[in-house]
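Colleague: Please find model_3.tsv (TSV, C-alpha atoms) on the next line:
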chain	number	residue	atom	x	y	z
A	1	MET	CA	-72.85	-81.00	-18.30
A	2	ALA	CA	-73.39	-83.52	-15.48
A	3	ARG	CA	-75.27	-82.37	-12.41
A	4	LEU	CA	-73.11	-81.29	-9.48
A	5	GLN	CA	-73.15	-84.07	-6.86
A	6	VAL	CA	-72.14	-83.76	-3.20
A	7	TYR	CA	-72.06	-86.91	-1.04
A	8	VAL	CA	-71.26	-86.63	2.65
A	9	LEU	CA	-70.53	-89.65	4.83
A	10	ILE	CA	-70.86	-88.80	8.53
A	11	ASP	CA	-69.34	-91.64	10.51
A	12	ALA	CA	-71.68	-93.21	13.13
A	13	LEU	CA	-74.64	-90.89	12.50
A	14	GLY	CA	-77.33	-93.35	13.56
A	15	TRP	CA	-80.97	-93.23	12.48
A	16	THR	CA	-82.06	-93.27	16.14
A	17	TYR	CA	-80.21	-90.02	16.82
A	18	LEU	CA	-82.24	-88.14	14.20
A	19	GLN	CA	-85.62	-89.18	15.59
A	20	GLY	CA	-87.34	-86.17	17.14
A	21	ARG	CA	-84.57	-83.84	15.99
A	22	LYS	CA	-84.34	-81.32	13.16
A	23	PHE	CA	-81.35	-82.04	10.95
A	24	LEU	CA	-81.42	-80.63	7.41
A	25	ASP	CA	-85.12	-81.54	7.18
A	26	ASP	CA	-85.93	-78.78	4.67
A	27	GLN	CA	-82.92	-79.39	2.45
A	28	LEU	CA	-82.98	-83.21	2.58
A	29	PRO	CA	-86.62	-84.38	2.67
A	30	TYR	CA	-85.87	-87.91	1.45
A	31	ARG	CA	-84.89	-89.84	4.60
A	32	VAL	CA	-84.55	-93.58	5.21
A	33	PRO	CA	-82.57	-95.77	7.61
A	34	LEU	CA	-79.75	-97.94	6.22
A	35	ARG	CA	-79.06	-101.45	7.43
A	36	THR	CA	-75.36	-101.72	8.12
A	37	VAL	CA	-72.75	-104.45	7.72
A	38	LEU	CA	-71.96	-106.49	10.82
A	39	GLY	CA	-68.72	-105.11	12.18
A	40	PHE	CA	-67.08	-101.73	11.98
A	41	SER	CA	-66.32	-98.96	9.48
A	42	SER	CA	-63.50	-101.07	8.04
A	43	GLY	CA	-66.16	-103.31	6.49
A	44	ALA	CA	-69.10	-100.93	6.14
A	45	ILE	CA	-67.42	-98.12	4.21
A	46	PRO	CA	-65.83	-100.36	1.53
A	47	THR	CA	-69.30	-101.86	1.09
A	48	ILE	CA	-70.75	-98.37	0.57
A	49	LEU	CA	-68.04	-97.54	-1.95
A	50	THR	CA	-68.25	-100.80	-3.97
A	51	GLY	CA	-71.81	-102.07	-3.60
A	52	VAL	CA	-70.68	-105.61	-2.79
A	53	PRO	CA	-70.36	-107.45	0.56
A	54	PRO	CA	-67.10	-107.93	2.46
A	55	THR	CA	-66.62	-111.44	1.06
A	56	GLN	CA	-66.29	-109.85	-2.40
A	57	HIS	CA	-64.33	-106.67	-1.73
A	58	GLY	CA	-62.13	-108.38	0.89
A	59	HIS	CA	-62.35	-105.78	3.67
A	60	TRP	CA	-64.02	-106.63	6.96
A	61	ASN	CA	-62.16	-106.16	10.25
A	62	LEU	CA	-58.73	-104.57	10.07
A	63	PHE	CA	-56.60	-107.59	11.03
A	64	TYR	CA	-56.79	-111.03	9.44
A	65	LEU	CA	-54.81	-114.24	9.82
A	66	ASP	CA	-51.90	-114.36	7.37
A	67	ALA	CA	-48.80	-115.85	8.98
A	68	GLU	CA	-47.06	-116.37	5.64
A	69	HIS	CA	-47.28	-112.78	4.43
A	70	SER	CA	-47.46	-110.84	7.67
A	71	PRO	CA	-45.38	-107.64	7.46
A	72	PHE	CA	-44.35	-108.38	11.05
A	73	ARG	CA	-42.95	-111.89	10.53
A	74	TRP	CA	-39.54	-110.67	11.69
A	75	LEU	CA	-40.97	-110.02	15.17
A	76	ARG	CA	-40.91	-113.77	15.82
A	77	HIS	CA	-37.15	-113.44	16.35
A	78	PHE	CA	-37.90	-111.26	19.39
A	79	GLY	CA	-40.19	-113.77	21.05
A	80	PHE	CA	-37.65	-114.23	23.84
A	81	LEU	CA	-38.43	-110.74	25.17
A	82	PRO	CA	-40.75	-110.60	28.20
A	83	ASP	CA	-44.32	-109.34	27.78
A	84	ALA	CA	-43.45	-106.30	29.85
A	85	VAL	CA	-41.23	-105.20	26.95
A	86	LEU	CA	-42.80	-106.70	23.85
A	87	ASN	CA	-46.42	-105.85	24.71
A	88	HIS	CA	-45.65	-102.46	26.25
A	89	ARG	CA	-47.58	-99.44	24.94
A	90	ILE	CA	-44.32	-97.77	23.89
A	91	THR	CA	-43.46	-100.81	21.77
A	92	ALA	CA	-46.92	-100.65	20.22
A	93	LYS	CA	-46.43	-96.97	19.40
A	94	LEU	CA	-43.06	-97.66	17.75
A	95	LEU	CA	-44.60	-100.49	15.71
A	96	LYS	CA	-47.42	-98.20	14.64
A	97	GLU	CA	-44.97	-95.66	13.24
A	98	LEU	CA	-42.91	-98.41	11.63
A	99	GLY	CA	-46.03	-99.82	9.98
A	100	ARG	CA	-47.09	-96.44	8.65
A	101	ARG	CA	-43.72	-95.14	7.50
A	102	VAL	CA	-41.67	-98.21	6.55
A	103	LEU	CA	-43.84	-101.30	6.04
A	104	GLY	CA	-46.40	-99.73	3.72
A	105	LEU	CA	-49.45	-100.29	5.92
A	106	GLY	CA	-50.93	-96.88	5.23
A	107	PRO	CA	-51.64	-93.79	7.33
A	108	GLY	CA	-54.50	-95.48	9.20
A	109	PHE	CA	-52.49	-98.34	10.67
A	110	GLU	CA	-52.90	-98.84	14.41
A	111	CYS	CA	-51.30	-101.60	16.48
A	112	TYR	CA	-54.58	-103.13	17.68
A	113	VAL	CA	-53.10	-106.63	18.00
A	114	ALA	CA	-50.64	-107.39	20.80
A	115	PRO	CA	-47.11	-107.02	19.37
A	116	ARG	CA	-46.25	-110.58	20.42
A	117	LEU	CA	-49.03	-111.85	18.12
A	118	LEU	CA	-48.55	-109.47	15.17
A	119	PRO	CA	-46.34	-111.95	13.20
A	120	TRP	CA	-49.46	-114.06	12.55
A	121	PHE	CA	-51.58	-111.21	11.18
A	122	ASN	CA	-51.85	-108.88	8.23
A	123	PHE	CA	-53.57	-105.49	7.91
A	124	VAL	CA	-56.24	-105.04	5.25
A	125	GLU	CA	-56.39	-101.27	4.77
A	126	LYS	CA	-52.93	-100.64	3.34
A	127	ARG	CA	-54.20	-98.16	0.76
A	128	ASN	CA	-56.36	-95.08	1.08
A	129	ILE	CA	-59.83	-96.46	0.27
A	130	TYR	CA	-60.96	-92.98	-0.81
A	131	GLN	CA	-58.64	-93.07	-3.79
A	132	ARG	CA	-58.62	-95.01	-7.03
A	133	GLY	CA	-57.44	-98.60	-6.47
A	134	GLY	CA	-57.84	-98.28	-2.71
A	135	ILE	CA	-60.03	-101.33	-2.15
A	136	THR	CA	-58.50	-104.76	-2.48
A	137	GLY	CA	-61.07	-106.94	-4.23
A	138	ALA	CA	-63.56	-104.70	-6.07
A	139	ALA	CA	-63.81	-101.49	-8.04
A	140	SER	CA	-65.07	-98.53	-6.04
A	141	ILE	CA	-67.04	-95.47	-7.09
A	142	PHE	CA	-63.71	-93.66	-7.40
A	143	ASP	CA	-62.44	-96.25	-9.89
A	144	ASP	CA	-65.67	-95.81	-11.86
A	145	LEU	CA	-65.36	-92.02	-11.89
A	146	ALA	CA	-61.75	-92.18	-13.02
A	147	ARG	CA	-62.55	-94.62	-15.84
A	148	ALA	CA	-65.44	-92.43	-16.99
A	149	ASP	CA	-63.20	-89.35	-16.84
A	150	VAL	CA	-65.56	-87.61	-14.39
A	151	PRO	CA	-63.70	-84.96	-12.37
A	152	TYR	CA	-64.11	-85.63	-8.64
A	153	ARG	CA	-62.76	-84.72	-5.24
A	154	ALA	CA	-62.64	-86.97	-2.18
A	155	TYR	CA	-61.68	-85.84	1.32
A	156	SER	CA	-61.01	-87.84	4.49
A	157	TYR	CA	-59.39	-87.78	7.92
A	158	HIS	CA	-56.13	-89.01	6.38
A	159	THR	CA	-55.12	-85.41	5.75
A	160	LEU	CA	-57.83	-83.09	7.13
A	161	THR	CA	-60.15	-82.49	10.10
A	162	ASP	CA	-63.91	-82.31	9.51
A	163	GLU	CA	-63.86	-78.52	9.56
A	164	GLN	CA	-60.93	-78.41	7.15
A	165	ILE	CA	-62.72	-80.83	4.82
A	166	LEU	CA	-65.79	-78.59	4.69
A	167	LEU	CA	-63.66	-75.52	4.00
A	168	ARG	CA	-61.63	-77.28	1.32
A	169	ALA	CA	-64.76	-78.60	-0.38
A	170	SER	CA	-66.21	-75.08	-0.47
A	171	GLU	CA	-63.05	-73.77	-2.12
A	172	ASP	CA	-63.04	-76.59	-4.66
A	173	LEU	CA	-66.71	-76.05	-5.45
A	174	LYS	CA	-65.99	-72.41	-6.25
A	175	SER	CA	-63.07	-73.36	-8.49
A	176	GLY	CA	-65.27	-75.56	-10.68
A	177	ALA	CA	-62.59	-78.27	-10.71
A	178	ALA	CA	-64.99	-81.19	-10.17
A	179	ARG	CA	-68.62	-82.31	-10.53
A	180	PHE	CA	-68.58	-85.10	-7.92
A	181	PHE	CA	-67.61	-84.49	-4.31
A	182	PHE	CA	-67.26	-87.11	-1.56
A	183	LEU	CA	-66.69	-85.86	1.97
A	184	TYR	CA	-65.92	-88.35	4.74
A	185	LEU	CA	-66.51	-86.61	8.08
A	186	SER	CA	-65.16	-88.92	10.77
A	187	GLU	CA	-65.34	-86.94	14.00
A	188	MET	CA	-68.99	-87.69	14.83
A	189	ASP	CA	-67.90	-91.24	15.62
A	190	ALA	CA	-65.46	-90.19	18.35
A	191	PHE	CA	-68.00	-87.71	19.68
A	192	LEU	CA	-70.79	-90.28	20.04
A	193	HIS	CA	-68.45	-92.81	21.64
A	194	LEU	CA	-68.20	-90.34	24.54
A	195	HIS	CA	-71.48	-88.37	24.45
A	196	CYS	CA	-74.20	-90.60	23.01
A	197	ASN	CA	-76.12	-90.41	26.32
A	198	GLU	CA	-76.06	-86.58	26.46
A	199	PRO	CA	-78.98	-85.23	24.37
A	200	GLU	CA	-78.00	-81.57	24.63
A	201	GLN	CA	-74.45	-82.30	23.50
A	202	VAL	CA	-75.80	-84.34	20.58
A	203	ASP	CA	-78.15	-81.49	19.66
A	204	ARG	CA	-75.27	-79.02	19.53
A	205	ARG	CA	-73.09	-81.34	17.48
A	206	LEU	CA	-75.83	-82.02	14.95
A	207	ALA	CA	-76.55	-78.29	14.73
A	208	TRP	CA	-72.90	-77.67	13.89
A	209	TYR	CA	-72.89	-80.22	11.08
A	210	GLY	CA	-76.31	-79.10	9.87
A	211	ALA	CA	-75.33	-75.43	9.61
A	212	ARG	CA	-72.14	-76.12	7.68
A	213	LEU	CA	-73.69	-78.64	5.33
A	214	SER	CA	-76.55	-76.23	4.66
A	215	GLU	CA	-74.01	-73.57	3.70
A	216	LEU	CA	-72.21	-76.04	1.47
A	217	PHE	CA	-75.44	-77.03	-0.28
A	218	GLU	CA	-76.42	-73.40	-0.77
A	219	LEU	CA	-73.04	-72.75	-2.40
A	220	ALA	CA	-73.45	-75.78	-4.66
A	221	ARG	CA	-76.91	-74.60	-5.72
A	222	LYS	CA	-75.51	-71.17	-6.61
A	223	ILE	CA	-73.02	-72.86	-8.91
A	224	ASP	CA	-75.53	-75.37	-10.29
A	225	PRO	CA	-79.25	-74.86	-9.50
A	226	ASP	CA	-79.77	-78.59	-10.02
A	227	ALA	CA	-77.00	-79.61	-7.62
A	228	SER	CA	-77.74	-82.54	-5.33
A	229	LEU	CA	-76.73	-83.24	-1.72
A	230	THR	CA	-76.84	-86.64	-0.03
A	231	VAL	CA	-75.83	-87.34	3.58
A	232	MET	CA	-75.29	-90.94	4.69
A	233	SER	CA	-73.60	-92.93	7.42
A	234	ASP	CA	-71.87	-96.26	7.74
A	235	HIS	CA	-73.52	-97.35	11.01
A	236	GLY	CA	-75.01	-95.98	14.21
A	237	MET	CA	-73.93	-95.95	17.85
A	238	THR	CA	-75.33	-98.14	20.62
A	239	PRO	CA	-75.18	-96.98	24.27
A	240	VAL	CA	-72.94	-99.25	26.36
A	241	ARG	CA	-74.59	-100.64	29.50
A	242	ASN	CA	-72.46	-103.63	30.51
A	243	HIS	CA	-68.82	-104.76	30.40
A	244	HIS	CA	-67.25	-108.18	30.64
A	245	ASP	CA	-63.61	-109.28	30.56
A	246	LEU	CA	-64.01	-112.08	28.03
A	247	ALA	CA	-60.26	-112.44	27.49
A	248	ALA	CA	-59.80	-113.23	31.18
A	249	ASP	CA	-62.42	-115.99	30.93
A	250	VAL	CA	-60.58	-117.56	28.00
A	251	ASN	CA	-57.15	-117.15	29.61
A	252	ARG	CA	-58.30	-119.02	32.70
A	253	LEU	CA	-58.73	-122.17	30.59
A	254	GLY	CA	-54.94	-122.37	30.47
A	255	PHE	CA	-54.32	-122.53	26.73
A	256	GLY	CA	-51.54	-120.45	25.19
A	257	MET	CA	-51.28	-118.13	22.21
A	258	PRO	CA	-50.07	-118.77	19.56
A	259	ALA	CA	-49.36	-122.42	20.35
A	260	ASP	CA	-52.96	-123.51	20.95
A	261	TYR	CA	-55.07	-120.72	19.47
A	262	LEU	CA	-55.15	-117.09	18.41
A	263	ALA	CA	-57.76	-114.52	19.39
A	264	VAL	CA	-58.50	-110.92	18.48
A	265	TYR	CA	-60.93	-109.08	20.74
A	266	ASP	CA	-62.70	-106.35	18.75
A	267	SER	CA	-64.76	-104.47	21.39
A	268	THR	CA	-68.06	-106.17	20.48
A	269	MET	CA	-66.82	-109.50	19.16
A	270	ALA	CA	-64.06	-112.06	19.62
A	271	ARG	CA	-62.50	-113.89	16.67
A	272	PHE	CA	-60.67	-117.18	17.17
A	273	TRP	CA	-58.40	-119.53	15.21
A	274	PHE	CA	-57.45	-122.93	16.67
A	275	PHE	CA	-54.36	-125.16	16.42
A	276	ASN	CA	-55.36	-127.57	19.16
A	277	ALA	CA	-58.54	-129.69	19.20
A	278	GLU	CA	-58.91	-129.45	22.96
A	279	ALA	CA	-58.60	-125.67	22.87
A	280	ARG	CA	-61.26	-125.51	20.16
A	281	SER	CA	-63.61	-127.69	22.19
A	282	ARG	CA	-63.19	-126.05	25.58
A	283	ILE	CA	-63.21	-122.44	24.33
A	284	GLY	CA	-66.31	-123.24	22.28
A	285	GLN	CA	-68.00	-124.73	25.36
A	286	LEU	CA	-67.11	-121.63	27.38
A	287	LEU	CA	-68.58	-119.30	24.77
A	288	ASP	CA	-71.72	-121.41	24.37
A	289	GLY	CA	-72.38	-121.01	28.09
A	290	LEU	CA	-72.22	-117.22	28.16
A	291	SER	CA	-75.47	-115.27	28.43
A	292	PHE	CA	-74.39	-111.96	26.86
A	293	GLY	CA	-73.46	-113.10	23.36
A	294	ARG	CA	-73.41	-116.02	20.96
A	295	ILE	CA	-71.31	-117.86	18.40
A	296	LEU	CA	-72.43	-116.92	14.88
A	297	PRO	CA	-73.23	-120.01	12.76
A	298	ASP	CA	-72.02	-120.30	9.18
A	299	ASN	CA	-75.47	-119.81	7.65
A	300	GLU	CA	-75.78	-116.46	9.41
A	301	LEU	CA	-72.25	-115.40	8.49
A	302	ARG	CA	-73.09	-116.26	4.87
A	303	ALA	CA	-76.30	-114.22	4.96
A	304	LEU	CA	-74.38	-111.28	6.43
A	305	GLY	CA	-71.77	-111.43	3.66
A	306	ILE	CA	-68.85	-112.24	5.96
A	307	LEU	CA	-68.31	-116.00	5.57
A	308	PHE	CA	-64.81	-116.04	4.10
A	309	PRO	CA	-63.91	-119.52	2.75
A	310	ASP	CA	-60.36	-119.35	4.13
A	311	ARG	CA	-61.60	-118.11	7.52
A	312	ARG	CA	-59.03	-115.35	7.45
A	313	TYR	CA	-61.18	-113.19	9.72
A	314	GLY	CA	-61.93	-115.97	12.19
A	315	GLU	CA	-62.78	-119.66	12.41
A	316	LEU	CA	-65.16	-118.90	15.23
A	317	ILE	CA	-66.80	-115.52	15.78
A	318	PHE	CA	-68.47	-114.71	19.10
A	319	LEU	CA	-70.69	-111.61	18.95
A	320	LEU	CA	-71.77	-109.72	22.06
A	321	ASP	CA	-75.37	-108.62	22.56
A	322	PRO	CA	-76.11	-104.92	21.92
A	323	GLY	CA	-74.97	-102.76	24.82
A	324	TRP	CA	-72.28	-105.19	26.02
A	325	LEU	CA	-68.60	-104.38	25.63
A	326	ILE	CA	-65.48	-106.49	26.01
A	327	ALA	CA	-63.83	-104.82	29.00
A	328	ASP	CA	-60.23	-105.45	27.93
A	329	SER	CA	-60.24	-105.70	24.15
A	330	ASN	CA	-57.54	-104.99	21.61
A	331	PHE	CA	-59.27	-101.64	20.99
A	332	ASN	CA	-59.64	-100.43	24.58
A	333	SER	CA	-56.78	-102.11	26.41
A	334	HIS	CA	-55.35	-98.82	27.68
A	335	GLY	CA	-58.31	-97.80	29.82
A	336	TRP	CA	-60.55	-96.30	27.11
A	337	MET	CA	-64.11	-97.18	28.18
A	338	PRO	CA	-66.54	-95.57	25.72
A	339	LEU	CA	-70.17	-94.84	26.58
A	340	GLY	CA	-71.24	-95.81	23.07
A	341	MET	CA	-70.07	-98.50	20.66
A	342	HIS	CA	-70.88	-99.90	17.23
A	343	GLY	CA	-70.13	-103.29	15.75
A	344	TYR	CA	-73.22	-105.11	16.99
A	345	HIS	CA	-75.65	-107.16	14.93
A	346	PRO	CA	-77.35	-105.15	12.15
A	347	ASP	CA	-80.73	-106.06	13.68
A	348	ASP	CA	-79.93	-103.77	16.63
A	349	SER	CA	-82.01	-100.61	16.11
A	350	TYR	CA	-79.13	-98.37	17.18
A	351	SER	CA	-76.90	-99.89	14.49
A	352	SER	CA	-78.79	-98.47	11.50
A	353	GLY	CA	-77.20	-95.66	9.55
A	354	VAL	CA	-78.98	-92.97	7.51
A	355	PHE	CA	-79.56	-91.96	3.91
A	356	LEU	CA	-80.77	-88.37	3.52
A	357	SER	CA	-81.11	-86.64	0.16
A	358	ASP	CA	-82.67	-83.66	-1.55
A	359	ARG	CA	-84.39	-86.06	-3.99
A	360	ALA	CA	-85.52	-89.66	-4.07
A	361	PRO	CA	-83.29	-92.18	-5.86
A	362	ARG	CA	-84.80	-94.38	-8.57
A	363	GLU	CA	-84.91	-97.26	-6.11
A	364	ALA	CA	-85.08	-96.81	-2.35
A	365	PRO	CA	-81.80	-97.75	-0.64
A	366	GLN	CA	-82.15	-100.22	2.22
A	367	THR	CA	-78.59	-101.27	3.05
A	368	ASN	CA	-75.04	-99.95	2.82
A	369	ARG	CA	-74.63	-101.79	-0.47
A	370	ASP	CA	-77.38	-99.73	-2.11
A	371	VAL	CA	-75.55	-96.42	-1.68
A	372	TYR	CA	-73.06	-97.36	-4.38
A	373	ARG	CA	-75.90	-97.90	-6.86
A	374	CYS	CA	-77.37	-94.49	-5.97
A	375	MET	CA	-74.02	-92.80	-6.57
A	376	ARG	CA	-73.51	-94.54	-9.91
A	377	GLU	CA	-77.00	-93.69	-11.10
A	378	ALA	CA	-76.61	-90.06	-10.13
A	379	CYS	CA	-73.42	-89.82	-12.17
Translate this file's structure into structure tokens.
Modeller:
Amino acid sequence: MARLQVYVLIDALGWTYLQGRKFLDDQLPYRVPLRTVLGFSSGAIPTILTGVPPTQHGHWNLFYLDAEHSPFRWLRHFGFLPDAVLNHRITAKLLKELGRRVLGLGPGFECYVAPRLLPWFNFVEKRNIYQRGGITGAASIFDDLARADVPYRAYSYHTLTDEQILLRASEDLKSGAARFFFLYLSEMDAFLHLHCNEPEQVDRRLAWYGARLSELFELARKIDPDASLTVMSDHGMTPVRNHHDLAADVNRLGFGMPADYLAVYDSTMARFWFFNAEARSRIGQLLDGLSFGRILPDNELRALGILFPDRRYGELIFLLDPGWLIADSNFNSHGWMPLGMHGYHPDDSYSSGVFLSDRAPREAPQTNRDVYRCMREAC
């Protein structure tokens, strides 16, 4: 019978936050940092689950340019409405529920793009990526397990809280219904966004996770003395030190969306598409002159695995330096000003995730992509 495997993904558990702290040290002696994917969980987690970069599995940021197939094409007929109505937070909330319940955009859909601009965009994560067939362009570990007829259980925030996931996994372990368990614990991310600069709070939160995962591992070992536990993360969390209203800088140039260009502001980066040569030139000049970020060249995008030939995720991508935050982005336009953020360059030391295990894999993992290989080998 195959060894009992338990994999736990703790969102945003950065390597830097484990330095000088005790966190499952006795149970998980194999410990290495993981280089992440540039961007957010929407790109990093599919990379973990498939072992290929975003350009192959198709998932990077949540919204991409797709005017022809946008599920919100019909909103163009309401373009006559004033911004006070169309871009109101109540409108965004209604569109969120419509996307989730009617348009097939999945339970994770959020209206992060201004409603007036939604008709030009599509949403990548329409399916639950923790289920078979959930990732658009590549087979995931769950597809592999299903094809090999390996019983497994996967849990995520789509239906359960972190505490409920741990309780449910314990019950399923006792039932003997599966040999492979994947637990996605998402709440550490929200916690670190608000408390990354509070060491005592971080200590308490890590102690909570450590105690419950230790209990889970002890239960697994009672069922199978050779059971294995691995804890990993998709990225870390960088303390925010500076803010800048980049959208206001661009707006002052006087070009209009969507006539001249489109932009999505993703907290730590801005992504642009251009329909006007002058807009392309002047916005590019503006960005080149800023001291707190830079335009990513194609050779770097290619090396990072995010140079999409059709530029669906952006013709021009401006990345902020670590610790800088776009003050009025599509993700924090309602006054949410986090103390920590992720989505910076993978070279940022705070961006690295973790790989912790009770035993060493055959080959040391170095990046998010390597986790998939470790899971396949263990199965």
Colleague: Report as JSON, numbers by chain all protein, DNA and RNA residues lying within 12 Å of A:Tyr209, evaluated on all atoms listed in the file, omitting residues in the same chain fewer than 2 positions from it.
Modeller: {"A": [8, 9, 10, 11, 13, 22, 23, 24, 162, 163, 165, 166, 185, 186, 187, 188, 202, 203, 204, 205, 206, 207, 211, 212, 213, 214, 215, 216, 231]}
Colleague: Figure out the distance between atom CA of A:Pro46 and atom CA of A:Tyr184, please, to one decimal in Å.
Modeller: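 Atom CA of A:Pro46 lies at a distance of 12.4 Å from atom CA of A:Tyr184.
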Colleague: Just checking: using all atoms listed in the file, which residue out of A:Phe274, A:Phe63, A:Tyr152, A:Tyr7 ends up closest to A:Leu118?
Modeller: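 Closest residue, counting all atoms listed in the file: A:Phe63.
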Colleague: Of the residues A:Thr47, A:Gln201, A:Asn242, A:Ser233, which is the one nearest to A:Ser351, using only C-alpha atoms?
Modeller: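 Comparing A:Thr47, A:Gln201, A:Asn242, A:Ser233 against A:Ser351, the winner is A:Ser233.
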Colleague: So how far away is atom CA of A:Gln5 from atom CA of A:Ala227, in Å?
Modeller: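 Pair atom CA of A:Ala227 / atom CA of A:Gln5 returns 5.9 Å.
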Colleague: Could you rebuild stretch 159-175 of chain A with N, CA and C atoms and give it back as a PDB file, in the frame of the given file?
Modeller:
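New file out.pdb:
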ATOM      1  N   THR A 159     -55.891 -86.648   5.878  1.00  0.00           N
ATOM      2  CA  THR A 159     -55.120 -85.410   5.750  1.00  0.00           C
ATOM      3  C   THR A 159     -55.789 -84.201   6.402  1.00  0.00           C
ATOM      4  N   LEU A 160     -57.105 -84.274   6.708  1.00  0.00           N
ATOM      5  CA  LEU A 160     -57.830 -83.090   7.130  1.00  0.00           C
ATOM      6  C   LEU A 160     -58.796 -83.395   8.284  1.00  0.00           C
ATOM      7  N   THR A 161     -59.087 -82.383   9.108  1.00  0.00           N
ATOM      8  CA  THR A 161     -60.150 -82.490  10.100  1.00  0.00           C
ATOM      9  C   THR A 161     -61.495 -82.277   9.392  1.00  0.00           C
ATOM     10  N   ASP A 162     -62.594 -82.528  10.106  1.00  0.00           N
ATOM     11  CA  ASP A 162     -63.910 -82.310   9.510  1.00  0.00           C
ATOM     12  C   ASP A 162     -64.089 -80.865   9.071  1.00  0.00           C
ATOM     13  N   GLU A 163     -63.703 -79.930   9.915  1.00  0.00           N
ATOM     14  CA  GLU A 163     -63.860 -78.520   9.560  1.00  0.00           C
ATOM     15  C   GLU A 163     -63.008 -78.167   8.347  1.00  0.00           C
ATOM     16  N   GLN A 164     -61.789 -78.676   8.301  1.00  0.00           N
ATOM     17  CA  GLN A 164     -60.930 -78.410   7.150  1.00  0.00           C
ATOM     18  C   GLN A 164     -61.495 -79.019   5.863  1.00  0.00           C
ATOM     19  N   ILE A 165     -62.103 -80.201   5.983  1.00  0.00           N
ATOM     20  CA  ILE A 165     -62.720 -80.830   4.820  1.00  0.00           C
ATOM     21  C   ILE A 165     -63.837 -79.946   4.264  1.00  0.00           C
ATOM     22  N   LEU A 166     -64.683 -79.434   5.135  1.00  0.00           N
ATOM     23  CA  LEU A 166     -65.790 -78.590   4.690  1.00  0.00           C
ATOM     24  C   LEU A 166     -65.289 -77.302   4.038  1.00  0.00           C
ATOM     25  N   LEU A 167     -64.239 -76.726   4.599  1.00  0.00           N
ATOM     26  CA  LEU A 167     -63.660 -75.520   4.000  1.00  0.00           C
ATOM     27  C   LEU A 167     -63.025 -75.811   2.649  1.00  0.00           C
ATOM     28  N   ARG A 168     -62.283 -76.912   2.574  1.00  0.00           N
ATOM     29  CA  ARG A 168     -61.630 -77.280   1.320  1.00  0.00           C
ATOM     30  C   ARG A 168     -62.660 -77.593   0.235  1.00  0.00           C
ATOM     31  N   ALA A 169     -63.723 -78.283   0.599  1.00  0.00           N
ATOM     32  CA  ALA A 169     -64.760 -78.600  -0.380  1.00  0.00           C
ATOM     33  C   ALA A 169     -65.418 -77.320  -0.914  1.00  0.00           C
ATOM     34  N   SER A 170     -65.631 -76.360  -0.030  1.00  0.00           N
ATOM     35  CA  SER A 170     -66.210 -75.080  -0.470  1.00  0.00           C
ATOM     36  C   SER A 170     -65.292 -74.393  -1.474  1.00  0.00           C
ATOM     37  N   GLU A 171     -64.001 -74.387  -1.185  1.00  0.00           N
ATOM     38  CA  GLU A 171     -63.050 -73.770  -2.120  1.00  0.00           C
ATOM     39  C   GLU A 171     -63.036 -74.484  -3.461  1.00  0.00           C
ATOM     40  N   ASP A 172     -63.082 -75.828  -3.415  1.00  0.00           N
ATOM     41  CA  ASP A 172     -63.040 -76.590  -4.660  1.00  0.00           C
ATOM     42  C   ASP A 172     -64.333 -76.463  -5.448  1.00  0.00           C
ATOM     43  N   LEU A 173     -65.454 -76.307  -4.748  1.00  0.00           N
ATOM     44  CA  LEU A 173     -66.710 -76.050  -5.450  1.00  0.00           C
ATOM     45  C   LEU A 173     -66.610 -74.739  -6.241  1.00  0.00           C
ATOM     46  N   LYS A 174     -66.104 -73.714  -5.599  1.00  0.00           N
ATOM     47  CA  LYS A 174     -65.990 -72.410  -6.250  1.00  0.00           C
ATOM     48  C   LYS A 174     -65.057 -72.462  -7.460  1.00  0.00           C
ATOM     49  N   SER A 175     -64.038 -73.299  -7.382  1.00  0.00           N
ATOM     50  CA  SER A 175     -63.070 -73.360  -8.490  1.00  0.00           C
ATOM     51  C   SER A 175     -63.622 -74.056  -9.720  1.00  0.00           C
TER      52      SER A 175
END
